[in-house]
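Asks: So I've got this file, structure.cif, and it contains mmCIF, C-alpha atoms:
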data_protein
#
loop_
_atom_site.label_atom_id
_atom_site.label_comp_id
_atom_site.auth_asym_id
_atom_site.auth_seq_id
_atom_site.Cartn_x
_atom_site.Cartn_y
_atom_site.Cartn_z
CA MET A 292 204.68 88.99 -112.02
CA ASN A 293 204.12 89.04 -115.77
CA GLY A 294 206.53 91.61 -117.27
CA THR A 295 203.96 93.12 -119.64
CA VAL A 296 201.41 93.62 -116.86
CA SER A 297 204.10 95.14 -114.62
CA ARG A 298 205.11 97.63 -117.31
CA ARG A 299 201.48 98.60 -117.95
CA ARG A 300 200.88 99.21 -114.25
CA THR A 301 204.06 101.30 -114.01
CA ALA A 302 203.01 103.34 -117.04
CA PHE A 303 199.55 103.88 -115.54
CA ARG A 304 201.00 105.05 -112.23
CA THR A 305 203.39 107.43 -114.05
CA THR A 306 200.58 108.92 -116.11
CA LEU A 307 198.35 109.28 -113.05
CA ALA A 308 201.11 111.00 -111.10
CA SER A 309 201.76 113.36 -114.01
CA LEU A 310 198.07 114.27 -114.30
CA THR A 311 197.80 114.81 -110.55
CA ALA A 312 200.85 117.09 -110.50
CA THR A 313 199.44 119.06 -113.43
CA ALA A 314 196.13 119.53 -111.63
CA LEU A 315 197.86 120.70 -108.46
CA LEU A 316 199.98 123.22 -110.35
CA ALA A 317 196.99 124.59 -112.23
CA GLY A 318 195.08 124.89 -108.98
CA CYS A 319 197.83 127.09 -107.55
CA GLY A 320 197.67 129.54 -110.42
CA ALA A 321 200.92 128.48 -112.10
CA GLU A 322 200.99 128.10 -115.86
CA VAL A 323 201.67 124.44 -116.59
CA GLU A 324 202.69 122.79 -119.83
CA PRO A 325 203.02 119.00 -119.63
CA SER A 326 205.79 117.63 -121.84
CA GLY A 327 205.82 114.38 -123.74
CA SER A 328 208.45 112.90 -121.42
CA GLY A 329 206.31 113.38 -118.30
CA VAL A 330 208.51 116.27 -117.14
CA GLN A 331 206.50 119.34 -116.20
CA LYS A 332 207.04 122.87 -117.45
CA VAL A 333 205.77 125.73 -115.32
CA THR A 334 206.06 129.51 -115.51
CA VAL A 335 207.19 131.10 -112.25
CA ASN A 336 208.60 134.55 -111.53
CA ARG A 337 212.37 134.83 -111.14
CA CYS A 338 212.39 138.11 -109.27
CA GLY A 339 210.05 140.23 -111.45
CA GLU A 340 210.55 138.19 -114.62
CA PRO A 341 208.23 135.32 -115.67
CA VAL A 342 210.42 132.34 -116.52
CA GLU A 343 209.45 128.91 -117.82
CA TYR A 344 211.06 126.15 -115.77
CA THR A 345 211.36 122.47 -116.61
CA THR A 346 211.43 120.21 -113.56
CA PRO A 347 215.12 120.19 -112.51
CA ARG A 348 217.04 116.96 -111.91
CA ARG A 349 220.57 118.17 -111.08
CA THR A 350 220.29 121.16 -108.76
CA VAL A 351 223.34 122.95 -107.36
CA VAL A 352 222.68 124.98 -104.22
CA TYR A 353 224.88 127.83 -103.00
CA GLU A 354 225.24 128.33 -99.24
CA GLY A 355 223.19 126.86 -96.45
CA GLY A 356 220.06 128.93 -97.03
CA SER A 357 219.57 127.58 -100.54
CA ALA A 358 220.20 124.00 -99.50
CA ASP A 359 217.92 124.27 -96.49
CA LYS A 360 215.02 125.53 -98.61
CA MET A 361 215.31 122.50 -100.86
CA PHE A 362 215.67 120.08 -97.95
CA ALA A 363 212.76 121.64 -96.04
CA LEU A 364 210.55 120.89 -99.06
CA GLY A 365 211.71 117.27 -99.23
CA LEU A 366 213.57 117.81 -102.51
CA THR A 367 216.87 116.13 -101.66
CA GLU A 368 216.60 113.73 -104.60
CA HIS A 369 216.67 116.72 -106.95
CA VAL A 370 219.88 118.14 -105.43
CA HIS A 371 223.12 117.07 -107.09
CA GLY A 372 225.48 118.99 -104.82
CA TYR A 373 226.24 122.07 -102.75
CA VAL A 374 228.78 124.88 -102.71
CA MET A 375 229.59 126.08 -99.19
CA PRO A 376 231.98 129.03 -98.72
CA PRO A 377 234.00 129.27 -95.47
CA ALA A 378 231.57 131.64 -93.71
CA ASN A 379 229.01 128.85 -93.45
CA PRO A 380 229.05 126.66 -90.32
CA PRO A 381 229.77 122.95 -90.80
CA VAL A 382 226.86 121.15 -92.44
CA THR A 383 227.06 118.53 -89.70
CA GLU A 384 225.55 121.16 -87.38
CA SER A 385 222.54 121.70 -89.63
CA PRO A 386 219.07 120.36 -88.80
CA TRP A 387 219.32 118.80 -92.28
CA ALA A 388 222.72 117.17 -91.74
CA ALA A 389 221.35 113.81 -92.88
CA GLU A 390 220.21 115.36 -96.17
CA TYR A 391 223.58 117.01 -96.81
CA ALA A 392 225.15 113.57 -96.44
CA LYS A 393 223.08 112.32 -99.39
CA VAL A 394 224.38 114.90 -101.89
CA LYS A 395 227.80 115.94 -103.15
CA PHE A 396 230.04 118.59 -101.66
CA LEU A 397 231.25 120.49 -104.74
CA SER A 398 233.34 123.38 -103.42
CA ASP A 399 234.08 125.68 -100.51
CA ASP A 400 234.74 128.55 -102.90
CA LEU A 401 232.44 131.11 -104.52
CA LEU A 402 230.01 129.89 -107.15
CA ASN A 403 231.37 130.06 -110.69
CA ARG A 404 230.31 129.08 -114.19
CA GLU A 405 232.97 126.40 -114.64
CA LEU A 406 231.80 124.55 -111.55
CA LEU A 407 228.18 124.52 -112.75
CA VAL A 408 229.15 123.29 -116.21
CA GLU A 409 231.39 120.56 -114.77
CA ALA A 410 228.58 119.44 -112.43
CA ARG A 411 226.21 119.27 -115.43
CA ALA A 412 223.77 121.32 -113.38
CA ASP A 413 220.33 122.06 -114.83
CA PHE A 414 219.27 124.35 -111.95
CA VAL A 415 221.01 126.57 -109.42
CA VAL A 416 219.58 128.22 -106.29
CA ALA A 417 221.38 131.30 -104.96
CA GLY A 418 221.00 135.01 -104.27
CA TRP A 419 221.53 137.92 -106.63
CA ASN A 420 224.99 139.46 -106.19
CA SER A 421 225.81 136.52 -103.97
CA GLY A 422 226.08 133.24 -105.85
CA LEU A 423 224.60 134.72 -109.02
CA SER A 424 226.82 137.46 -110.36
CA ASP A 425 227.87 139.11 -113.61
CA LYS A 426 231.46 139.26 -112.36
CA ARG A 427 231.80 135.48 -112.02
CA GLY A 428 229.83 134.64 -115.14
CA THR A 429 226.86 133.28 -113.21
CA SER A 430 224.18 135.87 -113.95
CA PRO A 431 220.78 134.39 -114.85
CA GLU A 432 221.19 135.66 -118.42
CA ILE A 433 224.54 133.92 -118.88
CA LEU A 434 223.26 130.70 -117.32
CA ASP A 435 220.14 130.79 -119.50
CA GLY A 436 222.46 130.75 -122.50
CA LEU A 437 224.18 127.65 -121.11
CA GLY A 438 220.88 125.85 -120.55
CA ILE A 439 221.19 126.13 -116.76
CA GLN A 440 218.03 127.32 -115.01
CA SER A 441 218.42 129.68 -112.07
CA PHE A 442 216.40 130.72 -109.04
CA MET A 443 217.12 133.81 -106.93
CA HIS A 444 216.17 134.37 -103.31
CA ALA A 445 213.34 136.89 -103.28
CA GLU A 446 214.97 139.00 -100.56
CA SER A 447 217.84 139.67 -102.97
CA CYS A 448 215.57 140.80 -105.83
CA PHE A 449 215.05 144.44 -104.88
CA ASN A 450 218.14 145.56 -106.83
CA TYR A 451 218.13 142.89 -109.56
CA PRO A 452 218.64 144.83 -112.84
CA ASN A 453 215.59 145.24 -115.12
CA HIS A 454 213.40 142.90 -113.03
CA PRO A 455 213.46 144.14 -109.42
CA GLU A 456 210.96 142.85 -106.90
CA ARG A 457 210.48 143.95 -103.28
CA HIS A 458 209.56 141.75 -100.36
CA ALA A 459 209.87 142.12 -96.63
CA PRO A 460 212.56 139.52 -95.74
CA PHE A 461 210.29 136.90 -94.15
CA ASP A 462 207.72 137.37 -96.93
CA GLY A 463 210.57 136.71 -99.35
CA LEU A 464 211.33 133.46 -97.54
CA TYR A 465 207.72 132.30 -97.81
CA ASN A 466 207.68 133.35 -101.45
CA ASP A 467 210.78 131.29 -102.22
CA LEU A 468 209.32 128.16 -100.70
CA GLU A 469 206.06 128.59 -102.59
CA ARG A 470 207.83 129.23 -105.92
CA LEU A 471 210.16 126.27 -105.45
CA GLY A 472 207.06 124.24 -104.63
CA GLN A 473 205.59 125.22 -108.00
CA ILE A 474 208.78 124.48 -109.92
CA PHE A 475 209.07 120.99 -108.41
CA GLY A 476 205.36 120.23 -108.22
CA VAL A 477 205.18 120.05 -104.42
CA GLN A 478 202.85 122.98 -103.75
CA GLN A 479 200.95 121.28 -100.96
CA ARG A 480 204.15 120.47 -99.13
CA ALA A 481 205.33 124.05 -99.56
CA ALA A 482 202.00 125.39 -98.29
CA THR A 483 202.29 123.21 -95.18
CA VAL A 484 205.87 124.32 -94.48
CA VAL A 485 205.00 127.99 -94.93
CA ALA A 486 201.86 127.75 -92.80
CA ASP A 487 203.87 126.22 -89.95
CA MET A 488 206.48 128.98 -90.20
CA LYS A 489 203.82 131.69 -90.16
CA ARG A 490 202.20 130.09 -87.11
CA ARG A 491 205.51 130.15 -85.24
CA VAL A 492 206.22 133.74 -86.26
CA GLU A 493 202.80 134.95 -85.15
CA ALA A 494 203.25 133.21 -81.80
CA VAL A 495 206.43 135.25 -81.27
CA ARG A 496 204.88 138.51 -82.43
CA ALA A 497 201.95 138.04 -80.08
CA GLN A 498 204.38 138.13 -77.13
CA ALA A 499 206.47 141.08 -78.35
CA PRO A 500 206.46 144.11 -76.03
CA SER A 501 205.31 147.54 -77.19
CA THR A 502 208.56 149.14 -75.95
CA ARG A 503 211.23 148.46 -78.54
CA THR A 504 214.80 147.70 -77.50
CA PRO A 505 217.42 149.35 -79.79
CA VAL A 506 219.49 146.59 -81.40
CA PHE A 507 222.66 146.70 -83.51
CA LEU A 508 223.57 143.74 -85.69
CA TYR A 509 227.34 143.42 -86.01
CA ASP A 510 228.28 141.44 -89.08
CA SER A 511 231.97 142.27 -89.42
CA GLY A 512 234.50 145.06 -89.91
CA THR A 513 236.74 147.09 -87.59
CA ASP A 514 237.45 150.35 -89.42
CA GLN A 515 233.80 150.49 -90.40
CA PRO A 516 231.17 147.92 -89.47
CA PHE A 517 228.95 145.92 -91.77
CA THR A 518 225.40 145.58 -90.56
CA ALA A 519 221.89 144.63 -91.63
CA GLY A 520 219.62 147.07 -93.44
CA ARG A 521 215.89 146.54 -93.75
CA GLN A 522 216.13 144.20 -96.76
CA VAL A 523 217.60 141.18 -94.92
CA PRO A 524 216.12 138.68 -92.44
CA PRO A 525 217.72 140.07 -89.25
CA ASN A 526 215.63 143.23 -89.65
CA ASP A 527 212.44 141.16 -89.35
CA ILE A 528 213.94 138.99 -86.62
CA ILE A 529 214.68 142.08 -84.53
CA SER A 530 211.32 143.71 -85.20
CA PHE A 531 209.13 140.64 -84.69
CA ALA A 532 210.91 139.79 -81.43
CA GLY A 533 210.29 143.22 -79.94
CA GLY A 534 213.45 145.11 -80.85
CA ARG A 535 214.27 148.03 -83.12
CA ASN A 536 217.03 147.67 -85.67
CA ILE A 537 219.01 150.90 -85.34
CA PHE A 538 219.66 150.76 -89.10
CA ALA A 539 216.15 149.80 -90.22
CA ASP A 540 215.97 153.03 -92.23
CA LEU A 541 218.75 151.85 -94.57
CA ASP A 542 217.16 150.60 -97.78
CA GLY A 543 219.74 147.90 -98.37
CA ARG A 544 220.83 144.40 -97.49
CA TRP A 545 224.23 143.92 -95.84
CA THR A 546 225.76 147.36 -95.79
CA GLN A 547 228.64 149.39 -94.39
CA VAL A 548 228.01 152.18 -91.87
CA GLY A 549 230.14 154.38 -89.60
CA TRP A 550 230.91 153.72 -85.94
CA GLU A 551 229.71 157.24 -85.17
CA ALA A 552 226.17 156.25 -86.17
CA VAL A 553 226.34 153.16 -83.95
CA VAL A 554 227.54 155.20 -80.97
CA GLN A 555 224.85 157.81 -81.50
CA ALA A 556 222.10 155.14 -81.56
CA ARG A 557 223.25 153.67 -78.20
CA PRO A 558 222.14 150.06 -78.81
CA GLU A 559 221.13 148.14 -75.72
CA VAL A 560 221.63 144.75 -77.40
CA ILE A 561 224.15 143.69 -80.05
CA ILE A 562 223.48 140.71 -82.28
CA ILE A 563 226.71 139.07 -83.42
CA LEU A 564 226.47 137.22 -86.72
CA ASP A 565 228.59 134.13 -86.15
CA TYR A 566 230.70 133.14 -89.17
CA GLN A 567 232.73 129.97 -89.38
CA ASP A 568 235.77 132.01 -90.48
CA GLN A 569 235.02 135.06 -88.26
CA PRO A 570 233.85 133.63 -84.93
CA ALA A 571 231.61 135.57 -82.57
CA ALA A 572 234.15 135.52 -79.71
CA GLN A 573 236.63 137.44 -81.86
CA LYS A 574 234.04 140.11 -82.66
CA ILE A 575 232.94 140.48 -79.04
CA LYS A 576 236.56 140.91 -77.96
CA PHE A 577 236.94 143.74 -80.46
CA LEU A 578 233.77 145.49 -79.27
CA LYS A 579 234.90 145.28 -75.64
CA THR A 580 238.34 146.70 -76.32
CA SER A 581 237.79 149.28 -79.06
CA PRO A 582 237.60 152.87 -77.75
CA LYS A 583 234.78 153.43 -80.22
CA THR A 584 232.50 150.74 -78.81
CA LYS A 585 233.55 149.73 -75.30
CA ASN A 586 231.20 152.26 -73.67
CA LEU A 587 228.08 151.31 -75.63
CA PRO A 588 225.23 150.27 -73.29
CA ALA A 589 225.09 146.80 -74.84
CA VAL A 590 228.83 146.29 -74.35
CA VAL A 591 228.94 147.65 -70.79
CA ASN A 592 226.04 145.36 -69.82
CA ASP A 593 227.44 142.39 -71.76
CA ARG A 594 224.27 142.04 -73.82
CA PHE A 595 225.41 140.05 -76.84
CA PHE A 596 223.20 137.62 -78.73
CA ILE A 597 224.87 135.13 -81.09
CA LEU A 598 222.97 134.59 -84.34
CA ASP A 599 224.08 131.61 -86.42
CA TYR A 600 225.08 132.55 -89.96
CA ASN A 601 222.35 130.37 -91.47
CA GLU A 602 219.76 131.92 -89.17
CA GLY A 603 220.72 135.35 -90.52
CA ILE A 604 220.74 134.76 -94.28
CA SER A 605 217.50 133.87 -96.10
CA SER A 606 216.71 130.36 -94.87
CA PRO A 607 214.01 128.30 -93.16
CA ARG A 608 216.24 128.69 -90.10
CA ASN A 609 215.30 132.39 -89.89
CA VAL A 610 212.34 131.30 -87.77
CA ASP A 611 214.66 129.42 -85.39
CA GLY A 612 216.73 132.58 -85.03
CA LEU A 613 213.61 134.65 -84.36
CA GLU A 614 212.38 132.31 -81.63
CA LYS A 615 215.78 132.28 -79.93
CA PHE A 616 216.21 136.05 -80.06
CA ALA A 617 212.69 136.67 -78.79
CA ALA A 618 213.40 134.37 -75.83
CA TYR A 619 216.63 136.28 -75.18
CA LEU A 620 214.79 139.62 -75.07
CA ARG A 621 212.13 138.20 -72.76
CA ASP A 622 214.83 136.97 -70.38
CA LEU A 623 216.37 140.46 -70.27
CA ARG A 624 213.06 141.94 -69.16
CA SER A 625 212.22 139.29 -66.57
#
Turn this file's structure into structure tokens for me.
Replies:
Amino acid sequence: MNGTVSRRRTAFRTTLASLTATALLAGCGAEVEPSGSGVQKVTVNRCGEPVEYTTPRRTVVYEGGSADKMFALGLTEHVHGYVMPPANPPVTESPWAAEYAKVKFLSDDLLNRELLVEARADFVVAGWNSGLSDKRGTSPEILDGLGIQSFMHAESCFNYPNHPERHAPFDGLYNDLERLGQIFGVQQRAATVVADMKRRVEAVRAQAPSTRTPVFLYDSGTDQPFTAGRQVPPNDIISFAGGRNIFADLDGRWTQVGWEAVVQARPEVIIILDYQDQPAAQKIKFLKTSPKTKNLPAVVNDRFFILDYNEGISSPRNVDGLEKFAAYLRDLRS
């Protein structure tokens, strides 16, 4: 093919694609500013703060939930690498294992500024007070100063300083996918993914019984347990499936409580959050042998449900966890 003609056709296709992406973004209500290089700029909320994003090319994702959101939207080519602390299960067990294999493993430690600078990241996806933190020099403000764009999971925004934003956990998940769709110009794909998730969730809710089973989520801890308040996905998983989170009144995310409160609530089912470095079997053994917990109805009746770590943190896999837990509750009643 003639080289000049080929270049003209390529330029035409690039321009057409850029115009199409701009039209899609404008149609979704995002503020779009096309740049001279063909890279899009779009204003999207980061928690409660409007932020202008330039289409990222070297994204670093922290933990499985962040990676899975990118992979679910078909954005693997925009992901440079991932940081996966020891609590996360092996990525080979993920539904997106093939996508993980296409990007770099950067660290099994906590996210830090030096790692992001060394990776030449232009975008990072994480949660507030999780991967993004003042203590480790990875707050959005610090990263902005380094020219590294940041995106926070909406379910972590309720206590983000100066720009808080509240979402029910599953609504936060949908919000994340839609906002990432705007940032990367794949709104239609995001809308399709979210619509499918909502369809699956509503199918579960339609089968949920009116009588609510009291449920305790056991994250970790022996002297005092860590559990799920109403700001994290397990609260919605329990509620949508037909249970009642015994700590749904706690306006927090992952939080410490006393064993006395657990005993008083008499949970009939215990969800065990399964960490890679704190396996479920170890936690169940503790609950069965501790004088504080061995007489709980759930323990006496051996009613333990294992929730995968990445089904419990904000992730597209929350819906998988919901479907599995709902099936578990239905089996108990049959």
Asks: If you measure from CA of Pro380 (chain A) to CA of Ser511 (chain A), what distance in Å do you get, rounded to one decimal?
Replies: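 That distance, rounded to one decimal, is 15.9 Å.
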Asks: Under the PyMOL selection byres ((chain A and resi 499) around 8), which residues of this model are included? Write them out as a list of chain:residue names.
Replies: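 Taken over the shown coordinates, the PyMOL selection byres ((chain A and resi 499) around 8) returns A:Val495, A:Arg496, A:Ala497, A:Gln498, A:Pro500, A:Ser501, A:Phe531, A:Ala532, A:Gly533, A:Ala617.
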Asks: Any idea what the distance is between CA of Leu464 (chain A) and CA of Arg337 (chain A)?
Replies: 13.7 Å
Asks: Using the chain letters and numbers from the file, which residues does the PyMOL selection byres ((chain A and resi 402-405) around 8) grab, as an mmCIF file with C-alpha atoms, in the coordinates of the input?
Replies:
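What ended up in part_24.cif:
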data_model
loop_
_atom_site.group_PDB
_atom_site.id
_atom_site.type_symbol
_atom_site.label_atom_id
_atom_site.label_comp_id
_atom_site.auth_asym_id
_atom_site.auth_seq_id
_atom_site.Cartn_x
_atom_site.Cartn_y
_atom_site.Cartn_z
ATOM 1 C CA TYR A 353 224.880 127.830 -103.000
ATOM 2 C CA VAL A 374 228.780 124.880 -102.710
ATOM 3 C CA ASP A 400 234.740 128.550 -102.900
ATOM 4 C CA LEU A 401 232.440 131.110 -104.520
ATOM 5 C CA LEU A 406 231.800 124.550 -111.550
ATOM 6 C CA LEU A 407 228.180 124.520 -112.750
ATOM 7 C CA VAL A 408 229.150 123.290 -116.210
ATOM 8 C CA GLU A 409 231.390 120.560 -114.770
ATOM 9 C CA GLY A 422 226.080 133.240 -105.850
ATOM 10 C CA LEU A 423 224.600 134.720 -109.020
ATOM 11 C CA ARG A 427 231.800 135.480 -112.020
ATOM 12 C CA GLY A 428 229.830 134.640 -115.140
ATOM 13 C CA THR A 429 226.860 133.280 -113.210
ATOM 14 C CA LEU A 434 223.260 130.700 -117.320
#
Asks: Which residue is closest to Phe475 (chain A)? Choose from A:Val591, A:Leu613, A:Val553, A:Leu364 and count all atoms listed in the file.
Replies: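 Nearest to Phe475 (chain A): A:Leu364.
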Asks: Counting all atoms listed in the file, what is within 8 Å of region 573-577 of chain A, bar same-chain residues fewer than 4 positions away, as a ChimeraX atom specification?
Replies: /A:511,513,563,569,581,595
Asks: Which residues fall under the PyMOL selection byres ((chain A and resi 594) around 10) in this file, as JSON, numbers by chain?
Replies: {"A": [558, 559, 560, 561, 562, 588, 589, 590, 591, 592, 593, 595, 596, 619, 620, 623]}
Asks: Using all atoms listed in the file, pick whichever of A:Gly603, A:Gly418, A:Pro386, A:Gly534 has the shortest atom-to-atom distance to Phe449 (chain A).
Replies: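 Of A:Gly603, A:Gly418, A:Pro386, A:Gly534, the one nearest Phe449 (chain A) is A:Gly418, counting all atoms listed in the file.
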Asks: Might you pull out every residue within 12 Å of Ala539 (chain A), with only C-alpha atoms counted and same-chain residues fewer than 3 positions away left off, and present them as number ranges by chain?
Replies: A: 459, 505-508, 518-530, 534-536, 542-546, 556
Asks: Record the distance separating CA of Val477 (chain A) and CA of Thr345 (chain A), expressed in Å with one decimal.
Replies: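 Those two atoms sit 13.9 Å apart.
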Asks: Using only C-alpha atoms, which of the listed residues (A:Pro377, A:Pro341, A:Gly512, A:Gly365) sits closest to Gln478 (chain A)?
Replies: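 Closest to Gln478 (chain A), using only C-alpha atoms: A:Gly365.
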Asks: Rank A:Asn336, A:Gln473, A:Thr580, A:Asn609 by their smallest atom-to-atom distance to Glu456 (chain A), using only C-alpha atoms, and report the top residue only.
Replies: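 The closest residue to Glu456 (chain A) is A:Asn336.
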Asks: Find the residues near Ser357 (chain A): any atom within 12 Å, counting only C-alpha atoms, skip ones fewer than 2 places away on the same chain, and give them as a ChimeraX atom specification.
Replies: /A:350-355,359-364,366-367,370,372-375,379,391,414-418,421-422,441-445,464,467-468,471,601,604-608
Asks: From the set A:Gly339, A:Thr483, A:Leu397, A:Leu564, which residue has the shortest atom-to-atom contact distance to Tyr451 (chain A), counting all atoms listed in the file?
Replies: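 Checking each of A:Gly339, A:Thr483, A:Leu397, A:Leu564 against Tyr451 (chain A), counting all atoms listed in the file, the winner is A:Gly339.
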Asks: Kindly indicate which residue among A:Cys448, A:Ala388, A:Val492, A:Leu587 lies nearest to Phe461 (chain A), using all atoms listed in the file for the distances.
Replies: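 Smallest separation from Phe461 (chain A) among the options: A:Val492.
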Asks: Please provide as a list in words all residues within 12 Å of Pro452 (chain A), with the sequence filter that same-chain residues fewer than 4 positions apart are discarded (counting all atoms listed in the file).
Replies: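 Listing them by chain and then by number gives Arg337, Cys338, Gly339, Glu340, Trp419, Asn420, Ser424, Asp425, Ser430, Pro431, Glu432, Ser447, Cys448 and Glu456 of chain A.
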Asks: Output region 347-355 of chain A with all heavy atoms present, as a PDB file, in the coordinates of the input.
Replies:
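Okay, rebuild-v9.pdb is ready:
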ATOM      1  N   PRO A 347     213.676 120.453-112.574  1.00  0.00           N
ATOM      2  CA  PRO A 347     215.120 120.190-112.510  1.00  0.00           C
ATOM      3  C   PRO A 347     215.428 118.805-111.942  1.00  0.00           C
ATOM      4  O   PRO A 347     214.685 118.260-111.122  1.00  0.00           O
ATOM      5  CB  PRO A 347     215.632 121.282-111.554  1.00  0.00           C
ATOM      6  CG  PRO A 347     214.555 122.326-111.529  1.00  0.00           C
ATOM      7  CD  PRO A 347     213.279 121.562-111.686  1.00  0.00           C
ATOM      8  N   ARG A 348     216.575 118.267-112.386  1.00  0.00           N
ATOM      9  CA  ARG A 348     217.040 116.960-111.910  1.00  0.00           C
ATOM     10  C   ARG A 348     218.413 117.035-111.248  1.00  0.00           C
ATOM     11  O   ARG A 348     218.749 116.188-110.435  1.00  0.00           O
ATOM     12  CB  ARG A 348     217.118 115.969-113.091  1.00  0.00           C
ATOM     13  CG  ARG A 348     215.793 115.728-113.788  1.00  0.00           C
ATOM     14  CD  ARG A 348     214.749 115.151-112.867  1.00  0.00           C
ATOM     15  NE  ARG A 348     213.470 114.941-113.548  1.00  0.00           N
ATOM     16  CZ  ARG A 348     212.328 114.693-112.921  1.00  0.00           C
ATOM     17  NH1 ARG A 348     212.294 114.664-111.607  1.00  0.00           N
ATOM     18  NH2 ARG A 348     211.224 114.516-113.612  1.00  0.00           N
ATOM     19  N   ARG A 349     219.210 118.063-111.612  1.00  0.00           N
ATOM     20  CA  ARG A 349     220.570 118.170-111.080  1.00  0.00           C
ATOM     21  C   ARG A 349     220.780 119.596-110.551  1.00  0.00           C
ATOM     22  O   ARG A 349     221.393 120.439-111.188  1.00  0.00           O
ATOM     23  CB  ARG A 349     221.615 117.840-112.156  1.00  0.00           C
ATOM     24  CG  ARG A 349     221.643 116.368-112.538  1.00  0.00           C
ATOM     25  CD  ARG A 349     222.668 116.117-113.624  1.00  0.00           C
ATOM     26  NE  ARG A 349     224.038 116.285-113.163  1.00  0.00           N
ATOM     27  CZ  ARG A 349     224.760 115.341-112.580  1.00  0.00           C
ATOM     28  NH1 ARG A 349     224.229 114.144-112.347  1.00  0.00           N
ATOM     29  NH2 ARG A 349     226.010 115.581-112.227  1.00  0.00           N
ATOM     30  N   THR A 350     220.230 119.838-109.373  1.00  0.00           N
ATOM     31  CA  THR A 350     220.290 121.160-108.760  1.00  0.00           C
ATOM     32  C   THR A 350     221.606 121.353-108.017  1.00  0.00           C
ATOM     33  O   THR A 350     222.053 120.464-107.291  1.00  0.00           O
ATOM     34  CB  THR A 350     219.126 121.356-107.779  1.00  0.00           C
ATOM     35  OG1 THR A 350     217.889 121.207-108.492  1.00  0.00           O
ATOM     36  CG2 THR A 350     219.174 122.716-107.105  1.00  0.00           C
ATOM     37  N   VAL A 351     222.205 122.526-108.190  1.00  0.00           N
ATOM     38  CA  VAL A 351     223.340 122.950-107.360  1.00  0.00           C
ATOM     39  C   VAL A 351     222.859 124.086-106.473  1.00  0.00           C
ATOM     40  O   VAL A 351     222.243 125.039-106.953  1.00  0.00           O
ATOM     41  CB  VAL A 351     224.534 123.405-108.229  1.00  0.00           C
ATOM     42  CG1 VAL A 351     225.598 124.082-107.366  1.00  0.00           C
ATOM     43  CG2 VAL A 351     225.142 122.211-108.961  1.00  0.00           C
ATOM     44  N   VAL A 352     223.115 123.963-105.177  1.00  0.00           N
ATOM     45  CA  VAL A 352     222.680 124.980-104.220  1.00  0.00           C
ATOM     46  C   VAL A 352     223.909 125.689-103.657  1.00  0.00           C
ATOM     47  O   VAL A 352     224.938 125.070-103.392  1.00  0.00           O
ATOM     48  CB  VAL A 352     221.836 124.375-103.081  1.00  0.00           C
ATOM     49  CG1 VAL A 352     220.473 123.962-103.593  1.00  0.00           C
ATOM     50  CG2 VAL A 352     222.533 123.178-102.441  1.00  0.00           C
ATOM     51  N   TYR A 353     223.768 127.009-103.486  1.00  0.00           N
ATOM     52  CA  TYR A 353     224.880 127.830-103.000  1.00  0.00           C
ATOM     53  C   TYR A 353     224.559 128.346-101.612  1.00  0.00           C
ATOM     54  O   TYR A 353     223.567 129.044-101.420  1.00  0.00           O
ATOM     55  CB  TYR A 353     225.115 128.999-103.949  1.00  0.00           C
ATOM     56  CG  TYR A 353     226.236 129.922-103.519  1.00  0.00           C
ATOM     57  CD1 TYR A 353     227.562 129.504-103.606  1.00  0.00           C
ATOM     58  CD2 TYR A 353     225.980 131.197-103.035  1.00  0.00           C
ATOM     59  CE1 TYR A 353     228.604 130.340-103.219  1.00  0.00           C
ATOM     60  CE2 TYR A 353     227.016 132.040-102.652  1.00  0.00           C
ATOM     61  CZ  TYR A 353     228.317 131.613-102.737  1.00  0.00           C
ATOM     62  OH  TYR A 353     229.346 132.431-102.348  1.00  0.00           O
ATOM     63  N   GLU A 354     225.363 127.978-100.652  1.00  0.00           N
ATOM     64  CA  GLU A 354     225.240 128.330 -99.240  1.00  0.00           C
ATOM     65  C   GLU A 354     224.096 127.562 -98.571  1.00  0.00           C
ATOM     66  O   GLU A 354     223.235 126.969 -99.220  1.00  0.00           O
ATOM     67  CB  GLU A 354     225.074 129.833 -99.024  1.00  0.00           C
ATOM     68  CG  GLU A 354     226.330 130.620 -99.339  1.00  0.00           C
ATOM     69  CD  GLU A 354     226.394 131.932 -98.577  1.00  0.00           C
ATOM     70  OE1 GLU A 354     225.504 132.798 -98.747  1.00  0.00           O
ATOM     71  OE2 GLU A 354     227.357 132.072 -97.796  1.00  0.00           O
ATOM     72  N   GLY A 355     224.123 127.645 -97.231  1.00  0.00           N
ATOM     73  CA  GLY A 355     223.190 126.860 -96.450  1.00  0.00           C
ATOM     74  C   GLY A 355     221.734 127.235 -96.659  1.00  0.00           C
ATOM     75  O   GLY A 355     220.856 126.368 -96.650  1.00  0.00           O
TER      76      GLY A 355
END
